[in-house]
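Student: File name run26.cif; file contents mmCIF, C-alpha atoms; full text below.
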```cif
data_structure
#
loop_
_atom_site.label_atom_id
_atom_site.label_comp_id
_atom_site.auth_asym_id
_atom_site.auth_seq_id
_atom_site.Cartn_x
_atom_site.Cartn_y
_atom_site.Cartn_z
CA MET A 1 -186.40 54.15 62.64
CA THR A 2 -185.48 50.55 63.44
CA ASP A 3 -188.00 48.69 65.60
CA ASP A 4 -185.98 47.59 68.62
CA LYS A 5 -188.48 44.78 69.26
CA ALA A 6 -187.80 43.16 65.89
CA PRO A 7 -185.44 40.15 65.92
CA LEU A 8 -182.00 40.04 64.31
CA ALA A 9 -181.48 38.34 60.95
CA MET A 10 -178.62 35.81 60.95
CA THR A 11 -177.05 34.25 57.89
CA MET A 12 -176.11 30.61 57.50
CA GLY A 13 -172.53 31.23 56.39
CA ASP A 14 -170.86 28.44 54.46
CA PRO A 15 -172.90 25.33 55.42
CA ALA A 16 -169.77 23.17 55.28
CA GLY A 17 -168.21 25.32 58.01
CA ILE A 18 -169.03 25.91 61.64
CA GLY A 19 -171.80 28.46 60.99
CA PRO A 20 -174.73 26.03 61.50
CA GLU A 21 -173.49 24.77 64.85
CA LEU A 22 -172.56 28.29 65.98
CA ALA A 23 -176.13 29.43 65.28
CA LEU A 24 -177.43 26.52 67.34
CA ALA A 25 -175.01 27.32 70.17
CA ALA A 26 -176.00 31.00 70.12
CA TRP A 27 -179.65 30.00 70.56
CA ARG A 28 -178.66 27.86 73.56
CA ASP A 29 -177.17 31.06 75.04
CA ARG A 30 -180.41 32.94 74.31
CA THR A 31 -181.04 34.13 77.86
CA SER A 32 -178.32 36.75 77.46
CA SER A 33 -178.93 37.76 73.84
CA ALA A 34 -181.60 39.21 71.57
CA PRO A 35 -184.03 37.05 69.55
CA PHE A 36 -182.77 36.15 66.08
CA PHE A 37 -183.68 33.95 63.16
CA VAL A 38 -181.49 32.28 60.53
CA PHE A 39 -181.82 32.20 56.76
CA ALA A 40 -180.76 28.60 56.14
CA ALA A 41 -181.93 25.11 55.23
CA PRO A 42 -183.98 23.85 58.20
CA GLY A 43 -182.99 20.25 57.52
CA VAL A 44 -179.29 21.12 57.56
CA LEU A 45 -179.57 22.85 60.94
CA ALA A 46 -181.64 20.01 62.38
CA ALA A 47 -179.02 17.53 61.16
CA ALA A 48 -176.26 19.68 62.66
CA ALA A 49 -178.06 19.68 66.02
CA ARG A 50 -178.24 15.89 66.01
CA ARG A 51 -174.64 15.59 64.84
CA VAL A 52 -173.16 17.73 67.61
CA GLY A 53 -175.58 16.57 70.31
CA PHE A 54 -177.49 19.84 70.82
CA ALA A 55 -181.07 19.41 72.03
CA THR A 56 -182.11 22.47 70.03
CA PRO A 57 -185.50 22.39 68.31
CA VAL A 58 -185.34 23.85 64.78
CA ILE A 59 -188.55 25.67 63.87
CA GLU A 60 -189.26 26.58 60.26
CA THR A 61 -190.96 29.96 60.17
CA ASP A 62 -191.10 33.28 58.37
CA PRO A 63 -189.60 36.56 59.62
CA ALA A 64 -192.94 37.69 61.04
CA GLY A 65 -193.22 34.63 63.26
CA ALA A 66 -189.56 34.43 64.25
CA ALA A 67 -189.74 36.33 67.54
CA ALA A 68 -192.50 34.08 68.89
CA ALA A 69 -190.78 30.93 67.61
CA PHE A 70 -187.50 31.95 69.29
CA LEU A 71 -189.01 31.14 72.68
CA LYS A 72 -189.39 27.49 71.67
CA GLY A 73 -186.49 26.82 69.35
CA LEU A 74 -184.15 28.21 66.70
CA PRO A 75 -186.28 29.97 64.07
CA VAL A 76 -185.16 29.19 60.52
CA VAL A 77 -186.44 30.84 57.35
CA ALA A 78 -185.96 28.36 54.53
CA LEU A 79 -183.77 29.23 51.56
CA LYS A 80 -184.86 28.65 47.99
CA SER A 81 -181.41 27.43 46.94
CA ALA A 82 -180.36 23.84 47.58
CA VAL A 83 -177.86 23.16 50.35
CA ASP A 84 -175.43 20.24 50.40
CA ASP A 85 -175.02 19.03 54.00
CA ALA A 86 -171.37 17.93 54.16
CA PRO A 87 -169.48 19.44 57.14
CA GLY A 88 -165.84 20.03 56.39
CA CYS A 89 -166.29 19.56 52.63
CA PRO A 90 -166.74 22.98 51.03
CA THR A 91 -168.24 23.05 47.57
CA ALA A 92 -169.15 25.73 45.06
CA ALA A 93 -172.55 24.03 44.82
CA ASN A 94 -173.44 25.81 48.07
CA ALA A 95 -172.45 29.26 46.82
CA ALA A 96 -175.96 30.20 45.68
CA ALA A 97 -177.43 29.36 49.08
CA THR A 98 -174.67 31.21 50.91
CA ILE A 99 -175.20 34.36 48.84
CA GLU A 100 -179.00 34.08 49.06
CA SER A 101 -178.79 33.93 52.84
CA ILE A 102 -176.85 37.21 52.96
CA ALA A 103 -179.10 38.99 50.47
CA ARG A 104 -182.29 37.94 52.21
CA ALA A 105 -181.01 38.96 55.63
CA VAL A 106 -180.27 42.45 54.32
CA GLU A 107 -183.67 42.54 52.63
CA ALA A 108 -185.35 41.60 55.91
CA VAL A 109 -183.79 44.63 57.59
CA HIS A 110 -184.75 46.85 54.68
CA GLN A 111 -188.37 45.69 54.99
CA GLY A 112 -188.43 46.17 58.77
CA ALA A 113 -188.73 42.46 59.57
CA ALA A 114 -185.35 42.51 61.31
CA ARG A 115 -183.26 45.25 62.88
CA ALA A 116 -179.72 44.12 62.10
CA VAL A 117 -177.76 41.54 60.14
CA VAL A 118 -175.45 39.06 61.89
CA THR A 119 -173.38 37.03 59.44
CA ASN A 120 -171.73 33.67 59.91
CA PRO A 121 -168.36 32.99 58.23
CA ILE A 122 -168.09 32.42 54.49
CA ALA A 123 -165.28 30.95 52.41
CA LYS A 124 -164.47 33.52 49.78
CA ALA A 125 -162.45 31.09 47.65
CA VAL A 126 -165.50 28.82 47.36
CA LEU A 127 -167.67 31.74 46.27
CA TYR A 128 -165.04 32.92 43.77
CA GLU A 129 -165.12 29.46 42.21
CA ALA A 130 -168.84 29.98 41.58
CA GLY A 131 -168.30 33.42 40.03
CA PHE A 132 -168.77 35.69 43.05
CA ARG A 133 -167.30 39.04 41.99
CA PHE A 134 -166.85 40.80 45.34
CA PRO A 135 -163.66 40.62 47.44
CA GLY A 136 -165.63 39.69 50.56
CA HIS A 137 -168.63 40.16 52.81
CA THR A 138 -167.93 43.85 53.38
CA GLU A 139 -167.93 44.80 49.72
CA TYR A 140 -171.01 42.69 48.91
CA LEU A 141 -172.94 44.33 51.74
CA GLY A 142 -172.04 47.70 50.26
CA GLU A 143 -173.60 46.60 46.97
CA LEU A 144 -176.77 45.37 48.71
CA ALA A 145 -177.02 48.66 50.60
CA LYS A 146 -177.73 50.45 47.33
CA ALA A 147 -181.34 49.30 47.73
CA TRP A 148 -181.65 52.02 50.38
CA GLY A 149 -181.30 54.58 47.59
CA GLY A 150 -178.01 56.20 48.50
CA PRO A 151 -174.29 55.49 48.13
CA ALA A 152 -172.62 53.32 50.73
CA PHE A 153 -168.95 53.23 51.64
CA PRO A 154 -168.51 50.10 53.78
CA VAL A 155 -165.71 50.18 56.32
CA MET A 156 -164.59 47.12 58.27
CA MET A 157 -164.00 47.59 61.98
CA ILE A 158 -162.82 44.82 64.29
CA TRP A 159 -164.37 45.63 67.66
CA SER A 160 -163.56 44.36 71.13
CA GLU A 161 -163.41 45.90 74.56
CA ALA A 162 -159.62 45.73 74.37
CA LEU A 163 -159.07 47.21 70.90
CA LYS A 164 -160.96 48.62 67.92
CA VAL A 165 -159.17 48.62 64.56
CA VAL A 166 -160.08 49.72 61.03
CA PRO A 167 -157.85 48.67 58.12
CA VAL A 168 -157.90 51.33 55.39
CA THR A 169 -157.09 48.80 52.66
CA ILE A 170 -158.73 45.44 53.20
CA HIS A 171 -158.96 42.33 51.02
CA ILE A 172 -156.16 42.90 48.56
CA PRO A 173 -152.68 41.39 48.29
CA LEU A 174 -150.07 43.02 50.51
CA ALA A 175 -148.02 43.83 47.41
CA GLU A 176 -150.88 46.03 46.19
CA ALA A 177 -151.72 47.75 49.48
CA ALA A 178 -149.19 50.57 49.13
CA GLN A 179 -150.39 51.32 45.60
CA ALA A 180 -154.03 51.35 46.72
CA LEU A 181 -153.36 53.69 49.62
CA SER A 182 -154.22 57.35 49.05
CA ALA A 183 -154.89 60.42 51.16
CA GLU A 184 -158.42 60.49 49.75
CA LEU A 185 -159.09 56.91 50.86
CA ILE A 186 -157.74 57.58 54.36
CA VAL A 187 -159.85 60.73 54.76
CA LYS A 188 -162.98 59.02 53.44
CA THR A 189 -162.48 56.10 55.84
CA ALA A 190 -161.83 58.38 58.81
CA ARG A 191 -165.03 60.33 58.13
CA VAL A 192 -167.11 57.14 58.22
CA VAL A 193 -165.39 55.94 61.40
CA ASP A 194 -165.86 59.27 63.17
CA ARG A 195 -169.52 59.53 62.12
CA ASP A 196 -170.51 55.99 63.09
CA LEU A 197 -168.64 56.01 66.39
CA ARG A 198 -170.64 59.11 67.27
CA ALA A 199 -174.02 57.95 65.93
CA ARG A 200 -173.96 54.25 66.81
CA PHE A 201 -171.44 53.87 69.61
CA GLY A 202 -172.29 57.09 71.44
CA LEU A 203 -168.79 58.60 71.53
CA LYS A 204 -169.01 62.38 71.65
CA ARG A 205 -165.54 62.94 70.18
CA PRO A 206 -163.90 59.76 68.91
CA ARG A 207 -160.11 59.66 69.10
CA LEU A 208 -158.50 58.17 65.99
CA ALA A 209 -154.91 56.93 65.84
CA LEU A 210 -153.44 56.35 62.39
CA ALA A 211 -150.59 53.94 61.83
CA GLY A 212 -147.76 54.49 59.42
CA LEU A 213 -147.29 52.13 56.52
CA ASN A 214 -143.56 51.53 56.86
CA PRO A 215 -141.37 50.36 59.75
CA HIS A 216 -140.93 53.11 62.34
CA ALA A 217 -143.55 55.14 60.42
CA GLY A 218 -140.97 55.70 57.71
CA GLU A 219 -138.21 56.97 60.00
CA GLY A 220 -138.47 60.48 58.56
CA GLY A 221 -138.41 59.20 54.99
CA ALA A 222 -135.45 56.87 55.39
CA MET A 223 -137.68 53.75 55.27
CA GLY A 224 -140.37 54.99 52.92
CA ARG A 225 -142.11 58.25 52.11
CA GLU A 226 -145.81 57.32 52.27
CA GLU A 227 -146.04 58.83 55.75
CA ILE A 228 -144.83 62.16 54.33
CA THR A 229 -146.65 62.18 51.00
CA ILE A 230 -149.92 60.37 51.81
CA ILE A 231 -150.67 59.65 55.48
CA GLY A 232 -149.43 62.93 56.97
CA PRO A 233 -151.44 65.12 54.57
CA ALA A 234 -154.50 62.94 55.17
CA ILE A 235 -154.22 63.47 58.92
CA GLU A 236 -153.95 67.21 58.42
CA ALA A 237 -157.11 67.14 56.30
CA ILE A 238 -158.93 65.04 58.90
CA ARG A 239 -157.99 67.43 61.68
CA ALA A 240 -159.10 70.41 59.58
CA GLU A 241 -162.58 68.83 59.55
CA GLY A 242 -162.63 68.73 63.34
CA ILE A 243 -161.84 65.03 63.71
CA ASP A 244 -159.54 64.11 66.59
CA ALA A 245 -156.64 62.23 64.98
CA ILE A 246 -153.02 61.45 65.83
CA GLY A 247 -150.24 59.89 63.77
CA PRO A 248 -148.74 58.51 61.72
CA LEU A 249 -147.61 56.19 64.51
CA PRO A 250 -145.15 53.29 64.30
CA ALA A 251 -147.37 50.19 64.18
CA ASP A 252 -145.03 48.18 66.38
CA THR A 253 -145.52 50.48 69.39
CA MET A 254 -149.17 51.58 69.15
CA PHE A 255 -150.93 48.49 70.48
CA HIS A 256 -149.54 48.04 74.00
CA PRO A 257 -151.90 49.00 76.87
CA LYS A 258 -150.56 52.51 77.55
CA ALA A 259 -150.60 53.37 73.85
CA ARG A 260 -154.17 52.08 73.42
CA ALA A 261 -155.33 54.36 76.24
CA ARG A 262 -154.65 57.37 73.95
CA TYR A 263 -157.25 56.48 71.31
CA ASP A 264 -160.64 54.88 70.71
CA VAL A 265 -159.89 53.26 67.36
CA ALA A 266 -156.75 52.54 65.35
CA LEU A 267 -156.73 53.05 61.58
CA THR A 268 -154.13 50.78 60.02
CA MET A 269 -152.91 50.93 56.45
CA TYR A 270 -153.38 47.28 55.52
CA HIS A 271 -155.34 44.24 56.68
CA ASP A 272 -152.89 42.29 58.84
CA GLN A 273 -151.37 45.39 60.39
CA GLY A 274 -154.59 45.80 62.36
CA LEU A 275 -156.09 42.33 62.49
CA ILE A 276 -153.03 40.63 63.97
CA PRO A 277 -153.10 42.69 67.19
CA ALA A 278 -156.93 42.59 67.30
CA LYS A 279 -157.09 38.82 67.05
CA THR A 280 -154.14 38.34 69.39
CA LEU A 281 -155.81 40.41 72.10
CA ALA A 282 -159.38 39.20 71.69
CA PHE A 283 -159.70 36.28 69.29
CA ASP A 284 -162.78 34.74 70.95
CA GLU A 285 -164.53 38.02 71.76
CA ALA A 286 -163.77 40.24 68.76
CA VAL A 287 -166.59 41.22 66.41
CA ASN A 288 -166.42 42.37 62.80
CA VAL A 289 -168.65 45.45 62.44
CA THR A 290 -169.32 47.06 59.07
CA LEU A 291 -169.47 50.84 59.34
CA GLY A 292 -170.75 53.14 56.60
CA LEU A 293 -173.90 51.14 55.85
CA PRO A 294 -177.53 52.22 56.35
CA PHE A 295 -178.01 49.15 58.56
CA VAL A 296 -176.06 47.42 61.34
CA ARG A 297 -174.03 44.36 60.42
CA THR A 298 -171.90 42.34 62.82
CA SER A 299 -170.05 39.07 62.42
CA PRO A 300 -167.72 36.79 64.36
CA ASP A 301 -164.09 37.62 63.75
CA HIS A 302 -162.99 34.21 62.51
CA GLY A 303 -163.39 31.95 59.52
CA THR A 304 -165.28 28.83 58.55
CA ALA A 305 -162.98 26.39 60.39
CA PHE A 306 -163.71 23.52 58.00
CA ASP A 307 -161.27 21.32 59.91
CA ILE A 308 -163.51 21.18 63.00
CA ALA A 309 -166.92 21.60 61.36
CA GLY A 310 -169.53 19.12 62.53
CA LYS A 311 -167.57 18.09 65.62
CA GLY A 312 -169.35 20.31 68.15
CA VAL A 313 -166.12 21.86 69.44
CA ALA A 314 -166.33 25.29 67.79
CA ASN A 315 -166.30 28.19 70.26
CA PRO A 316 -169.46 30.31 69.77
CA ALA A 317 -168.16 33.25 71.87
CA SER A 318 -167.46 35.56 68.93
CA LEU A 319 -170.86 34.93 67.30
CA ILE A 320 -172.60 35.47 70.64
CA ALA A 321 -170.63 38.71 71.03
CA ALA A 322 -171.74 39.71 67.51
CA VAL A 323 -175.39 39.11 68.43
CA ARG A 324 -175.05 41.15 71.61
CA LEU A 325 -173.32 44.02 69.83
CA ALA A 326 -175.94 44.10 67.05
CA ASP A 327 -178.60 44.24 69.73
CA ARG A 328 -176.80 47.04 71.54
CA LEU A 329 -176.28 49.12 68.40
CA THR A 330 -179.95 48.95 67.39
CA ARG A 331 -181.53 49.90 70.69
#
```
Before anything else, please render the file you have as structure tokens.

Tutor:
Amino acid sequence: MTDDKAPLAMTMGDPAGIGPELALAAWRDRTSSAPFFVFAAPGVLAAAARRVGFATPVIETDPAGAAAAFLKGLPVVALKSAVDDAPGCPTAANAAATIESIARAVEAVHQGAARAVVTNPIAKAVLYEAGFRFPGHTEYLGELAKAWGGPAFPVMMIWSEALKVVPVTIHIPLAEAAQALSAELIVKTARVVDRDLRARFGLKRPRLALAGLNPHAGEGGAMGREEITIIGPAIEAIRAEGIDAIGPLPADTMFHPKARARYDVALTMYHDQGLIPAKTLAFDEAVNVTLGLPFVRTSPDHGTAFDIAGKGVANPASLIAAVRLADRLTR
């Protein structure tokens, strides 16, 4: 069982982005959040604090000493990989450090030194340039979860008080989403969502709403048949397992307030179908939560923002919300 007195492990994210200053800002908001420590380069975070004018002491420590250090400053566990401190100038030279930060945060949870992982934004294109072979954070976390000894099926959920969404297909081109969609994938995703909403979010009977793929949910087959051949049969299979599910629903009418009152989470068929309404309704408060893992992982629901990195103007609200949700889910 996770020790609810252990701190949270935070990753650095891409050091050329806003991750370092967000971590500093989250520590400044520490009175309303759980203790955490960051796997990063201490010198980079100290330089970021000076650059943006934050009077935040950076304390180099190890995971065991992080909780005590948190009272005095931002605890940082030093990375072995070199980090190039150049805000707004992403480089593949930082890929090793970015990946190491994620891997060590997961390892800290596995060893009991931390109780959840909170990740700062990464730039996938930069990692791809260095040979990173995973589509994104979610898939890489699934690979790291294998250390727990069992299979993991990571599912991305964008969480906010206003709306929770789960895209069934995630980081693939839109042109490939329809080909990747299958009844098996929908059912597998729905099982994970139902299980984790019960176990981690405390919902006794989660209500799932599934979107159609095509305009008007296919209009009875006139605008596409995936609702008839794939999504409809998947919903029938989900219901047969005792999961509360409705759909397929037209995506253009399922996100207004009265529609959202009918369900706890929306399962959409491709990335932007769900993330556009989620980010429109709660851009600064939404949190990316990975379901289907043997550990809790949360993240701000935005990117690296290289254009404003190092300027001290980045809004830390989503990272702070991610810290609070990770704390809530592990208590």

Student: Between A:Asp284, A:Phe37, A:Ala64, A:Ala322, which residue has the minimum interatomic distance to Gly112 of chain A, considering all atoms listed in the file?

Tutor: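 Closest residue, counting all atoms listed in the file: A:Ala64.
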
Student: Using all atoms listed in the file, determine which residues lie at most 9 Å from Val165 of chain A, disregarding the query and same-chain residues fewer than 4 positions distant; provide the list as an mmCIF file with C-alpha atoms, in the frame of the given file.

Tutor:
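Generated file (selection_33.cif):
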```
data_model
loop_
_atom_site.group_PDB
_atom_site.id
_atom_site.type_symbol
_atom_site.label_atom_id
_atom_site.label_comp_id
_atom_site.auth_asym_id
_atom_site.auth_seq_id
_atom_site.Cartn_x
_atom_site.Cartn_y
_atom_site.Cartn_z
ATOM 1 C CA MET A 156 -164.590 47.120 58.270
ATOM 2 C CA MET A 157 -164.000 47.590 61.980
ATOM 3 C CA ILE A 158 -162.820 44.820 64.290
ATOM 4 C CA TRP A 159 -164.370 45.630 67.660
ATOM 5 C CA SER A 160 -163.560 44.360 71.130
ATOM 6 C CA ASP A 264 -160.640 54.880 70.710
ATOM 7 C CA VAL A 265 -159.890 53.260 67.360
ATOM 8 C CA ALA A 266 -156.750 52.540 65.350
ATOM 9 C CA LEU A 267 -156.730 53.050 61.580
ATOM 10 C CA THR A 268 -154.130 50.780 60.020
ATOM 11 C CA GLY A 274 -154.590 45.800 62.360
ATOM 12 C CA LEU A 275 -156.090 42.330 62.490
ATOM 13 C CA PRO A 277 -153.100 42.690 67.190
ATOM 14 C CA ALA A 278 -156.930 42.590 67.300
#
```

Student: Here's the selection I'm unsure about, the PyMOL selection byres ((chain A and resi 94) around 12); applied to the file above, which residues does it give, as a VMD selection string?

Tutor: chain A and resid 12 to 17 40 to 41 79 to 87 89 to 93 95 to 101 122 to 124 126 to 130

Student: To verify the selection step, state as a list in words which residues the PyMOL selection byres ((chain A and resi 61) around 12) yields on this input.

Tutor: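 Checked against the file, the PyMOL selection byres ((chain A and resi 61) around 12) matches Phe36, Phe37, Val38, Phe39, Ala40, Ala41, Pro42, Val58, Ile59, Glu60, Asp62, Pro63, Ala64, Gly65, Ala66, Ala67, Ala68, Ala69, Phe70, Lys72, Gly73, Leu74, Pro75, Val76, Val77, Ala78 and Leu79 of chain A.
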
Student: Name the residues in contact with segment 173-187 of chain A at a cut-off of 9 Å, using only C-alpha atoms, excluding same-chain residues fewer than 3 positions from it; report them as a list of chain:residue names.

Tutor: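 Counting only C-alpha atoms, the residues come to A:Val168, A:Thr169, A:Ile170, A:Ala190, A:Arg191, A:Val192, A:Leu213, A:Glu226, A:Thr229, A:Ile230, A:Ile231, A:Gly232, A:Pro233, A:Ala234, A:Ile235, A:Ala237, A:Ile238, A:Leu267, A:Met269, A:Tyr270, A:His271, A:Asp272.
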
Student: Spell out the residues picked by the PyMOL selection byres ((chain A and resi 303) around 9) here, as an mmCIF file with C-alpha atoms, in the coordinates of the input.

Tutor:
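Generated file (out15.cif):
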```cif
data_model
loop_
_atom_site.group_PDB
_atom_site.id
_atom_site.type_symbol
_atom_site.label_atom_id
_atom_site.label_comp_id
_atom_site.auth_asym_id
_atom_site.auth_seq_id
_atom_site.Cartn_x
_atom_site.Cartn_y
_atom_site.Cartn_z
ATOM 1 C CA GLY A 17 -168.210 25.320 58.010
ATOM 2 C CA ILE A 18 -169.030 25.910 61.640
ATOM 3 C CA ASN A 120 -171.730 33.670 59.910
ATOM 4 C CA PRO A 121 -168.360 32.990 58.230
ATOM 5 C CA ILE A 122 -168.090 32.420 54.490
ATOM 6 C CA ALA A 123 -165.280 30.950 52.410
ATOM 7 C CA PRO A 300 -167.720 36.790 64.360
ATOM 8 C CA ASP A 301 -164.090 37.620 63.750
ATOM 9 C CA HIS A 302 -162.990 34.210 62.510
ATOM 10 C CA THR A 304 -165.280 28.830 58.550
ATOM 11 C CA ALA A 305 -162.980 26.390 60.390
ATOM 12 C CA PHE A 306 -163.710 23.520 58.000
#
```

Student: Rounded to one decimal, what separation in Å do you get between atom CA of Arg324 of chain A and atom CA of Ala145 of chain A?

Tutor: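 Answer for the atom CA of Arg324 of chain A to atom CA of Ala145 of chain A separation: 22.4 Å.
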
Student: Would you compute the distance between atom CA of Gly292 of chain A and atom CA of Pro154 of chain A? Give it in Å to one decimal.

Tutor: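 Rounded to one decimal, the two atoms are 4.7 Å apart.
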
Student: Would you compute the distance between atom CA of Ala116 of chain A and atom CA of Leu208 of chain A? Give it in Å to one decimal.

Tutor: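 Interatomic distance, atom CA of Ala116 of chain A to atom CA of Leu208 of chain A: 25.7 Å.
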
Student: Could you tell me which of A:Leu249, A:Ala48, A:Lys279, A:Thr119 comes closest to Glu21 of chain A if we count all atoms listed in the file?

Tutor: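 Nearest to Glu21 of chain A: A:Ala48.
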
Student: Here is a test: counting only C-alpha atoms, which residue of A:Ala113, A:Ala309, A:Ile276, A:Ala209 is nearest to Pro248 of chain A?

Tutor: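 Result for the nearest residue to Pro248 of chain A: A:Ala209.
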
Student: What's around Phe295 of chain A at 9 Å? Count all atoms listed in the file, leave out sequence neighbours fewer than 4 positions away in its own chain, and write the answer as a list in words.

Tutor: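 Returned residues: Val106, Val109, His110, Arg115, Ala116, Val117, Ala145, Thr290 and Leu291 of chain A.
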
Student: Using all atoms listed in the file, which of the listed residues (A:Arg30, A:Glu143, A:Thr11, A:Gly224) sits closest to Arg104 of chain A?

Tutor: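 Comparing A:Arg30, A:Glu143, A:Thr11, A:Gly224 against Arg104 of chain A, the winner is A:Thr11.
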
Student: Hey, which of A:Val296, A:Leu325, A:Leu24, A:Ala108 ends up closest to Ala47 of chain A? Count only C-alpha atoms.

Tutor: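 For Ala47 of chain A, the nearest of the given residues is A:Leu24.
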
Student: Considering all atoms listed in the file, return as a compact mmCIF listing (two decimals) with C-alpha atoms, in the frame of the given file whatever protein or nucleic-acid residues lie within 8 Å of Leu319 of chain A, sequence-local ones (same chain, fewer than 6 positions apart) excluded.

Tutor:
```
# COMPACT_ATOMS: atom_id res chain seq x y z
CA LEU A 22 -172.56 28.29 65.98
CA ALA A 23 -176.13 29.43 65.28
CA ALA A 26 -176.00 31.00 70.12
CA ASN A 120 -171.73 33.67 59.91
CA VAL A 287 -166.59 41.22 66.41
CA SER A 299 -170.05 39.07 62.42
CA PRO A 300 -167.72 36.79 64.36
```

Student: Choose the residue, out of A:Ala6, A:Leu210, A:Leu203, A:Leu163, that has the smallest atom-to-atom separation from Ile246 of chain A; count all atoms listed in the file.

Tutor: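 Smallest separation from Ile246 of chain A among the options: A:Leu210.
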